[in-house]
Every structure is written in structure tokens, then in C-alpha cells.
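Participant: Take this structure, written in C-alpha cells, and hold onto it; I'll ask about it next.
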Amino acid sequence: AQRVTQPEKLLSVFKGAPVELKCNYSYSGSPELFWYVQYSRQRLQLLLRHISRESIKGFTADLNKGETSFHLKKPFAQEEDSAMYYCAPSGGSNYKLTFGKGTLLTVNP
Amino acid sequence: GAVVSQHPSWVICKSGTSVKIECRSLDFQATTMFWYRQFPKQSLMLMATSNEGSKATYEQGVEKDKFLINHASLTLSTLTVTSAHPEDSSFYICSAPNGLAGSGETQYFGPGTRLLVL
């Protein structure tokens with residue numbers, strides 16, 4: 001069965017500190033990996049995907065197939081990064097997403 | 001960019017009535033749409049995959065007769081909660097994939113519909 005583990009339900013850091021949101025997955029085949037973010041009172045939106053290997057808002061995520069991990073990192077957190085973050089692998093012909101339970105990141109001033 | 005809308009944004013209904021929620025892709029076509037349910041402070045739970053021109057595919061444990069899905073066109077999917085009960089009260093979200101095949105389809109999410117059944 002497809003499974004996504006985000007071990008931290010809550011993560012609190014101070015502004016300027018590094019942040020890492022962990023994600024481990026168990027998935028058959030070769031999934032695409034995504035991070036989605038939900039800011040307060042906004043809809044869920046794509047943050048980044050592993051296939052594009054880009055940095056969005058200072059965030060990066062490296063896919064480690066050996067460890068089946070896709071941790072999200074940012075070297076210097078900002079207050080506006082406070083949000084709910086979901087790791088989601090996607091697979092199959094219809095690109096169905098499997099969501100982790102999410103990590104609520106709070107960046108304190 | 002790709003936009004997905006949902007209507008209504010919130011609805012209150014009496015127990016036993018049916019409620020229809022619409023999901024529209026405004027500037028792209030979607031042969032597939034997804035319906036999720038989100039409880040307070042919890043993650044999204046996929047309910048079903050809506051397929052244009054064919055039957056919806058329901059996730060395990062989701063009653064297909066309770067949650068009727070119709071993908072009427074390439075830009076519209078509807079979720080009807082039939083004979084709603086208070087336990088159906090939740091936040092319902094739809095999404096539609098859009099992107100280049102093989103490059104990682106990005107899901108675009110609607111703003112959600114909050115349903116309260118009294």
C-alpha cells in the first residue's frame with residue numbers, strides 16, 4: 001500500500017533558523033514526489049516537485065530513493081513560511097496524490 | 001495559471017437532504033478530477049477520482065451511493081452528498097491535474113466547500 005510519513009505534526013523555529021520538514025514514503029513503482037503548502041485561509045498549492053529540481057521561495061527538496069525520503073529544507077526560515085506542508089507522492093496514469101498527515105510549520109519572530 | 005473553482009464555498013443543510021458541490025477547471029480541461037475530504041486539523045483524505053465519460057473510482061471505505069460523482073464535461077465535476085447527516089459535515093476539496101504528461105502533473109486545488117449538516 002502507498003504510504004507517506006511526515007513524522008513531525010508540529011515544527012516551530014525562529015526566523016532565520018534552518019528548517020527541515022521530513023517525509024518518508026513507501027510507494028510501488030517510481031512515483032513523482034511533490035510538496036504542497038497551505039497558508040492560512042488559502043487553498044492548497046504546489047510548492048515544488050522533485051522532477052523540476054528547482055528552488056521555490058528558498059525551499060529545496062532532494063529525493064533519496066535509497067532512503068525513500070523527500071525532505072524539504074530551507075536554510076533561513078521566514079515568518080511568511082508559516083503554513084501547513086504536505087508531502088505527496090503521485091503515481092499511476094491519473095496522477096493520484098497520496099497525502100501525508102502534514103507538518104504545521106510556525107516561524108517565530 | 002490554472003484555476004479551479006468550487007461552488008458553493010459553504011452550505012448549511014438539514015439532515016436528510018442532498019447537497020451538490022461543483023468543481024470547475026476555469027482555464028484548462030480536466031479529464032480527471034479528485035475529491036477530498038478534510039477534517040479539522042487533519043490531512044486530506046482522497047474520496048474518489050472523477051473520470052470524464054466514465055464512472056468515478058471510489059477509495060476503499062467511501063460509499064458510492066452516498067457520495068455521487070458526475071463528471072459532466074471536461075471542465076466540470078459534481079459531488080452530491082445524498083441524504084446528508086451530521087457526520088457528513090466536513091470540508092470538501094476538489095483538485096484537477098494540469099501539466100505536460102511525463103513531466104509531473106501538478107494538481108490544482110479548489111478553495112474547498114464547507115458543509116454543515118444540522
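Chains: A, B, ... in order of the C-alpha cells. Residues: from 1 per chain. Ligands: from 1, in order shown.
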Within 7 Å of region 77-94 of chain B, counting only C-alpha atoms, which residues show up once you throw out same-chain ones fewer than 6 positions away? Write them as an NGL selection string, please.

Facilitator: :B and (15-24 or 33-39 or 50 or 66-71 or 109-118)

Participant: Check the DSSP output for the backbone and give back, as a PyMOL selection string, the residues of chain A in strand (DSSP E).

Facilitator: chain A and resi 3-5+10-14+19-21+24-26+32-38+45-49+60-64+69-74+83-91+96-97+103-108

Participant: Skip Leu63 (chain A) itself and residues of its chain fewer than 3 positions away, then list as a ChimeraX atom specification all residues within 8 Å of it, counting only C-alpha atoms.

Facilitator: /A:33,50,68-71

Participant: Measuring between only C-alpha atoms, which one of B:Val11, B:Met45, B:Ala56, B:Leu76 shows the shortest distance to Ala96 (chain B)?

Facilitator: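 Using only C-alpha atoms, the shortest distance to Ala96 (chain B) belongs to B:Leu76.
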
Participant: For chain B against chain A, which residues fall within 10 Å using only C-alpha atoms, given as a PDB file with N, CA, C and O atoms, in the first residue's frame?

Facilitator:
```pdb
ATOM      1  N   THR B  31      -9.752  15.795 -17.733  1.00  0.00           N
ATOM      2  CA  THR B  31     -10.476  14.537 -17.880  1.00  0.00           C
ATOM      3  C   THR B  31     -10.585  13.809 -16.552  1.00  0.00           C
ATOM      4  O   THR B  31     -11.410  12.922 -16.389  1.00  0.00           O
ATOM      5  N   THR B  32      -9.758  14.195 -15.619  1.00  0.00           N
ATOM      6  CA  THR B  32      -9.780  13.601 -14.283  1.00  0.00           C
ATOM      7  C   THR B  32      -9.828  14.704 -13.240  1.00  0.00           C
ATOM      8  O   THR B  32      -9.136  15.717 -13.378  1.00  0.00           O
ATOM      9  N   MET B  33     -10.632  14.520 -12.243  1.00  0.00           N
ATOM     10  CA  MET B  33     -10.654  15.407 -11.084  1.00  0.00           C
ATOM     11  C   MET B  33     -10.696  14.527  -9.843  1.00  0.00           C
ATOM     12  O   MET B  33     -11.135  13.384  -9.909  1.00  0.00           O
ATOM     13  N   PHE B  34     -10.267  15.078  -8.742  1.00  0.00           N
ATOM     14  CA  PHE B  34     -10.228  14.322  -7.499  1.00  0.00           C
ATOM     15  C   PHE B  34     -11.047  15.041  -6.428  1.00  0.00           C
ATOM     16  O   PHE B  34     -11.059  16.261  -6.360  1.00  0.00           O
ATOM     17  N   LYS B  41      -7.977  20.176  11.266  1.00  0.00           N
ATOM     18  CA  LYS B  41      -6.596  19.916  11.674  1.00  0.00           C
ATOM     19  C   LYS B  41      -6.108  18.538  11.227  1.00  0.00           C
ATOM     20  O   LYS B  41      -5.234  17.955  11.872  1.00  0.00           O
ATOM     21  N   GLN B  42      -6.673  18.045  10.158  1.00  0.00           N
ATOM     22  CA  GLN B  42      -6.215  16.761   9.619  1.00  0.00           C
ATOM     23  C   GLN B  42      -5.861  16.909   8.153  1.00  0.00           C
ATOM     24  O   GLN B  42      -6.136  17.934   7.525  1.00  0.00           O
ATOM     25  N   SER B  43      -5.259  15.872   7.629  1.00  0.00           N
ATOM     26  CA  SER B  43      -4.832  15.897   6.244  1.00  0.00           C
ATOM     27  C   SER B  43      -6.007  15.653   5.307  1.00  0.00           C
ATOM     28  O   SER B  43      -7.122  15.354   5.736  1.00  0.00           O
ATOM     29  N   LEU B  44      -5.736  15.772   4.019  1.00  0.00           N
ATOM     30  CA  LEU B  44      -6.762  15.489   3.024  1.00  0.00           C
ATOM     31  C   LEU B  44      -6.893  13.986   2.838  1.00  0.00           C
ATOM     32  O   LEU B  44      -5.898  13.278   2.712  1.00  0.00           O
ATOM     33  N   MET B  45      -8.120  13.537   2.785  1.00  0.00           N
ATOM     34  CA  MET B  45      -8.381  12.129   2.533  1.00  0.00           C
ATOM     35  C   MET B  45      -9.049  12.015   1.165  1.00  0.00           C
ATOM     36  O   MET B  45     -10.103  12.595   0.928  1.00  0.00           O
ATOM     37  N   LEU B  46      -8.410  11.299   0.270  1.00  0.00           N
ATOM     38  CA  LEU B  46      -8.982  11.135  -1.062  1.00  0.00           C
ATOM     39  C   LEU B  46     -10.244  10.289  -0.981  1.00  0.00           C
ATOM     40  O   LEU B  46     -10.237   9.202  -0.400  1.00  0.00           O
ATOM     41  N   ALA B  48     -12.509  10.013  -3.980  1.00  0.00           N
ATOM     42  CA  ALA B  48     -12.799   9.388  -5.269  1.00  0.00           C
ATOM     43  C   ALA B  48     -12.114  10.143  -6.391  1.00  0.00           C
ATOM     44  O   ALA B  48     -11.741  11.309  -6.250  1.00  0.00           O
ATOM     45  N   THR B  49     -11.961   9.428  -7.486  1.00  0.00           N
ATOM     46  CA  THR B  49     -11.439  10.006  -8.724  1.00  0.00           C
ATOM     47  C   THR B  49     -12.603  10.140  -9.690  1.00  0.00           C
ATOM     48  O   THR B  49     -13.288   9.149  -9.982  1.00  0.00           O
ATOM     49  N   ASN B  51     -13.961  10.723 -13.344  1.00  0.00           N
ATOM     50  CA  ASN B  51     -13.467  10.487 -14.696  1.00  0.00           C
ATOM     51  C   ASN B  51     -14.494  10.962 -15.716  1.00  0.00           C
ATOM     52  O   ASN B  51     -15.652  10.509 -15.702  1.00  0.00           O
ATOM     53  N   ILE B  93     -12.886  19.212  -0.773  1.00  0.00           N
ATOM     54  CA  ILE B  93     -11.966  19.888  -1.681  1.00  0.00           C
ATOM     55  C   ILE B  93     -11.832  19.074  -2.962  1.00  0.00           C
ATOM     56  O   ILE B  93     -11.791  17.837  -2.919  1.00  0.00           O
ATOM     57  N   SER B  95      -9.651  18.730  -6.790  1.00  0.00           N
ATOM     58  CA  SER B  95      -8.436  19.119  -7.497  1.00  0.00           C
ATOM     59  C   SER B  95      -8.472  18.573  -8.903  1.00  0.00           C
ATOM     60  O   SER B  95      -9.191  17.615  -9.200  1.00  0.00           O
ATOM     61  N   ALA B  96      -7.705  19.198  -9.757  1.00  0.00           N
ATOM     62  CA  ALA B  96      -7.591  18.742 -11.135  1.00  0.00           C
ATOM     63  C   ALA B  96      -6.145  18.838 -11.560  1.00  0.00           C
ATOM     64  O   ALA B  96      -5.474  19.829 -11.271  1.00  0.00           O
ATOM     65  N   PRO B  97      -5.638  17.812 -12.237  1.00  0.00           N
ATOM     66  CA  PRO B  97      -4.260  17.857 -12.700  1.00  0.00           C
ATOM     67  C   PRO B  97      -4.145  18.625 -14.005  1.00  0.00           C
ATOM     68  O   PRO B  97      -5.028  18.563 -14.857  1.00  0.00           O
ATOM     69  N   ASN B  98      -3.045  19.316 -14.148  1.00  0.00           N
ATOM     70  CA  ASN B  98      -2.784  20.052 -15.382  1.00  0.00           C
ATOM     71  C   ASN B  98      -1.291  20.139 -15.569  1.00  0.00           C
ATOM     72  O   ASN B  98      -0.565  20.505 -14.654  1.00  0.00           O
ATOM     73  N   ALA B 101       2.322  15.866 -19.822  1.00  0.00           N
ATOM     74  CA  ALA B 101       2.420  14.453 -19.489  1.00  0.00           C
ATOM     75  C   ALA B 101       3.888  14.053 -19.432  1.00  0.00           C
ATOM     76  O   ALA B 101       4.686  14.407 -20.292  1.00  0.00           O
ATOM     77  N   GLY B 102       4.239  13.332 -18.416  1.00  0.00           N
ATOM     78  CA  GLY B 102       5.605  12.851 -18.281  1.00  0.00           C
ATOM     79  C   GLY B 102       6.518  13.815 -17.559  1.00  0.00           C
ATOM     80  O   GLY B 102       7.632  13.471 -17.211  1.00  0.00           O
ATOM     81  N   SER B 103       6.046  15.033 -17.285  1.00  0.00           N
ATOM     82  CA  SER B 103       6.909  15.994 -16.607  1.00  0.00           C
ATOM     83  C   SER B 103       6.441  16.251 -15.190  1.00  0.00           C
ATOM     84  O   SER B 103       6.932  17.138 -14.532  1.00  0.00           O
ATOM     85  N   GLY B 104       5.490  15.470 -14.736  1.00  0.00           N
ATOM     86  CA  GLY B 104       4.990  15.678 -13.386  1.00  0.00           C
ATOM     87  C   GLY B 104       3.729  16.515 -13.393  1.00  0.00           C
ATOM     88  O   GLY B 104       3.793  17.729 -13.406  1.00  0.00           O
ATOM     89  N   GLU B 105       2.606  15.852 -13.401  1.00  0.00           N
ATOM     90  CA  GLU B 105       1.345  16.593 -13.408  1.00  0.00           C
ATOM     91  C   GLU B 105       1.172  17.317 -12.089  1.00  0.00           C
ATOM     92  O   GLU B 105       1.300  16.749 -11.022  1.00  0.00           O
ATOM     93  N   THR B 106       0.875  18.583 -12.162  1.00  0.00           N
ATOM     94  CA  THR B 106       0.614  19.375 -10.974  1.00  0.00           C
ATOM     95  C   THR B 106      -0.879  19.392 -10.715  1.00  0.00           C
ATOM     96  O   THR B 106      -1.673  19.589 -11.622  1.00  0.00           O
ATOM     97  N   GLN B 107      -1.244  19.173  -9.473  1.00  0.00           N
ATOM     98  CA  GLN B 107      -2.646  19.253  -9.098  1.00  0.00           C
ATOM     99  C   GLN B 107      -2.982  20.688  -8.714  1.00  0.00           C
ATOM    100  O   GLN B 107      -2.234  21.327  -7.968  1.00  0.00           O
ATOM    101  N   TYR B 108      -4.102  21.180  -9.228  1.00  0.00           N
ATOM    102  CA  TYR B 108      -4.586  22.491  -8.845  1.00  0.00           C
ATOM    103  C   TYR B 108      -5.841  22.295  -8.010  1.00  0.00           C
ATOM    104  O   TYR B 108      -6.750  21.561  -8.403  1.00  0.00           O
ATOM    105  N   PHE B 109      -5.862  22.949  -6.874  1.00  0.00           N
ATOM    106  CA  PHE B 109      -6.911  22.709  -5.898  1.00  0.00           C
ATOM    107  C   PHE B 109      -7.957  23.815  -5.892  1.00  0.00           C
ATOM    108  O   PHE B 109      -7.646  24.995  -6.074  1.00  0.00           O
ATOM    109  N   GLY B 110      -9.175  23.391  -5.651  1.00  0.00           N
ATOM    110  CA  GLY B 110     -10.227  24.350  -5.419  1.00  0.00           C
ATOM    111  C   GLY B 110     -10.114  24.909  -4.013  1.00  0.00           C
ATOM    112  O   GLY B 110      -9.363  24.393  -3.186  1.00  0.00           O
ATOM    113  N   PRO B 111     -10.879  25.944  -3.726  1.00  0.00           N
ATOM    114  CA  PRO B 111     -10.807  26.583  -2.406  1.00  0.00           C
ATOM    115  C   PRO B 111     -11.534  25.805  -1.319  1.00  0.00           C
ATOM    116  O   PRO B 111     -11.391  26.113  -0.136  1.00  0.00           O
ATOM    117  N   GLY B 112     -12.292  24.795  -1.734  1.00  0.00           N
ATOM    118  CA  GLY B 112     -12.996  23.976  -0.748  1.00  0.00           C
ATOM    119  C   GLY B 112     -14.423  24.429  -0.514  1.00  0.00           C
ATOM    120  O   GLY B 112     -14.782  25.585  -0.758  1.00  0.00           O
TER     121      GLY B 112
END
```
